[in-house]
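Trainee: Handing you this structure, nothing more for now.
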Amino acid sequence: MDIKYNVFIFIQNLKHTHMEFTTKAEAKRLTGLTYLSSISTTVKHKKSKKYGELTLSLYLAPAKTSGYEVCPGRTAECTRLCLNESGMNSMVRNDRGDMINRSRIKKTRLFFEEREFFMKWLIFEINAGITKAKKLGFRFSVRLNNTSDINPEEFILNGKNILEIFPDVQFYDYTKVPARAELMKKYPNYDMTFSYSGYNMDQCKKMMVNKIRVAFVFKKVVPAEFMGHKVINGDDYDMRHRDPEAAIIGLKYKRVRNKLTDDIKFVIR
């Protein structure tokens with residue numbers, strides 16, 4: 001059955017929530033948000049176009065900045081140097097405060113407080129991405145956790161999670177939660193890369209033994225080899241599901257608002 005038809009039936013069966021919308025414009029008006037997700041518009045996801053792929057990316061408020069915990073595997077160090085504070089978000093401010101962070105907080109609260117509304121909107125946007133990719137002859141993928149680390153099974157509506165609603169769409173994540181590896185056995189359309197935190201080297205080694213990719217952050221230069229393994233430069237593109245199993249992904253440290261100090265363990269010098 002066609003994915004669009006599946007989703008149409010799914011949306012018709014929604015239970016009533018506190019908030020309802022019938023058009024994207026109405027969803028924007030009700031929430032004050034200009035968009036929920038984006039398709040290959042961020043700096044790192046624009047690169048996917050060079051590889052014939054469009055990526056839908058969702059940015060939520062990290063850690064517990066929204067009042068809700070979205071990064072269960074975080075450390076104090078990664079919280080302090082979170083990539084949420086990099087790029088445009090390290091510069092964009094005005095008299096009303098940080099617009100980007102305000103938007104991400106609003107989206108995160110929408111996820112936890114109006115899950116059906118959030119999911120209905122997300123489904124519409126994924127459908128739009130599928131249509132756009134087909135017109136271009138591109139592949140299509142989704143990264144739900146760009147500044148969060150929520151289990152994809154929590155993106156649920158009417159008893160089905162997002163991986164089940166879109167079984168033909170590729171979803172992928174970076175995560176610090178080891179148990180997330182079990183999802184790859186359960187869902188063929190889910191891929192994860194485990195992240196080094198500075199304190200989980202044993203788990204990183206176990207992941208590589210189990211043919212799961214591991215990402216390391218390097219301060220200045222991404223090396224060609226690390227720990228006896230060839231390193232793939234993760235800054236060249238973001239679609240980790242295209243990389244070999246058990247690969248090491250090297251990421252160059254991105255400057256954020258908070259200063260990098262010598263005691264930070266997850267950044268390899």
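The way I read the labels, and the way they are meant: chains A, B, ... in the order of the structure tokens, residue 1 as the first residue of every chain, and ligand 1 as the first ligand shown, with later ones counted on from there.
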Could you pull the residues within 8 Å of Gly198 in chain A, counting only C-alpha atoms, minus those fewer than 2 positions along the same chain, as a PyMOL selection string?
Mentor: chain A and resi 196+200-201+264-267
Trainee: Just the residues within 8 Å of Ser38 in chain A, please, counting only C-alpha atoms, with nothing from its chain fewer than 4 positions along; format it as number ranges by chain.
Mentor: A: 42, 56-58
Trainee: Go ahead and write the selection's residues with C-alpha atoms as a compact mmCIF listing (two decimals), in the first residue's frame.
Mentor:
# COMPACT_ATOMS: atom_id res chain seq x y z
CA THR A 42 21.14 23.29 7.66
CA LEU A 56 14.70 15.89 7.09
CA SER A 57 16.18 17.12 10.36
CA LEU A 58 14.52 17.96 13.66
Trainee: Give me every strand (DSSP E or B) residue in range 14-64 of chain A, going by DSSP on the backbone, as JSON, numbers by chain.
Mentor: {"A": [38, 39, 53, 54, 55, 56, 57]}
Trainee: Write out the residues from the selection above, keeping C-alpha atoms, as a compact mmCIF listing (two decimals), in the first residue's frame.
Mentor:
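As a result, part38.txt now contains:
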# COMPACT_ATOMS: atom_id res chain seq x y z
CA SER A 38 13.62 21.27 7.79
CA ILE A 39 14.77 19.41 4.68
CA GLU A 53 19.77 12.46 -0.85
CA LEU A 54 17.45 14.78 1.04
CA THR A 55 17.49 14.69 4.85
CA LEU A 56 14.70 15.89 7.09
CA SER A 57 16.18 17.12 10.36
Trainee: Would you mind telling me which residue in A:Pro223, A:Pro188, A:Ala25, A:Val177 lies nearest to Gln203 in chain A when using only C-alpha atoms?
Mentor: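 Counting only C-alpha atoms, the residue closest to Gln203 in chain A is A:Val177.
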Trainee: Pick out the closest residue to Ala61 in chain A from this set: A:Ser141, A:Thr34, A:Ser48, A:Asn146. Count only C-alpha atoms.
Mentor: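 For Ala61 in chain A, the nearest of the given residues is A:Asn146.
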Trainee: What is the CA of Gly234 in chain A-CA of Gln170 in chain A distance in Å, reported with one decimal?
Mentor: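 Between these atoms lies a distance of 18.1 Å.
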Trainee: Hey, which of A:Lys252, A:Lys44, A:Lys259, A:Lys132 ends up closest to Val222 in chain A? Count only C-alpha atoms.
Mentor: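 Using only C-alpha atoms, Val222 in chain A sits closest to A:Lys252.
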Trainee: With only C-alpha atoms as the basis for distance, which of A:Asn210, A:Val142, A:Phe218, A:Asp243 is at the shortest distance from Lys185 in chain A?
Mentor: A:Asn210
Trainee: Range 80-181 of chain A: which residues are helix (DSSP H, G or I) by DSSP, as a PyMOL selection string?
Mentor: chain A and resi 80+83-85+87-90+99-113+115-136+152-154+162-165+178-181
Trainee: Might you pull out every residue within 9 Å of Gly67 in chain A, with only C-alpha atoms counted and same-chain residues fewer than 6 positions away left off, and present them as JSON, numbers by chain?
Mentor: {"A": [105, 108, 109]}
Trainee: For C-alpha atoms, I'd like the residues from the last selection saved as a PDB file, in the first residue's frame.
Mentor:
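Written output follows (again_27.pdb):
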ATOM      1  CA  ILE A 105      12.079  24.843  23.564  1.00  0.00           C
ATOM      2  CA  THR A 108      10.163  20.209  22.678  1.00  0.00           C
ATOM      3  CA  ARG A 109       7.293  21.204  24.931  1.00  0.00           C
TER       4      ARG A 109
END
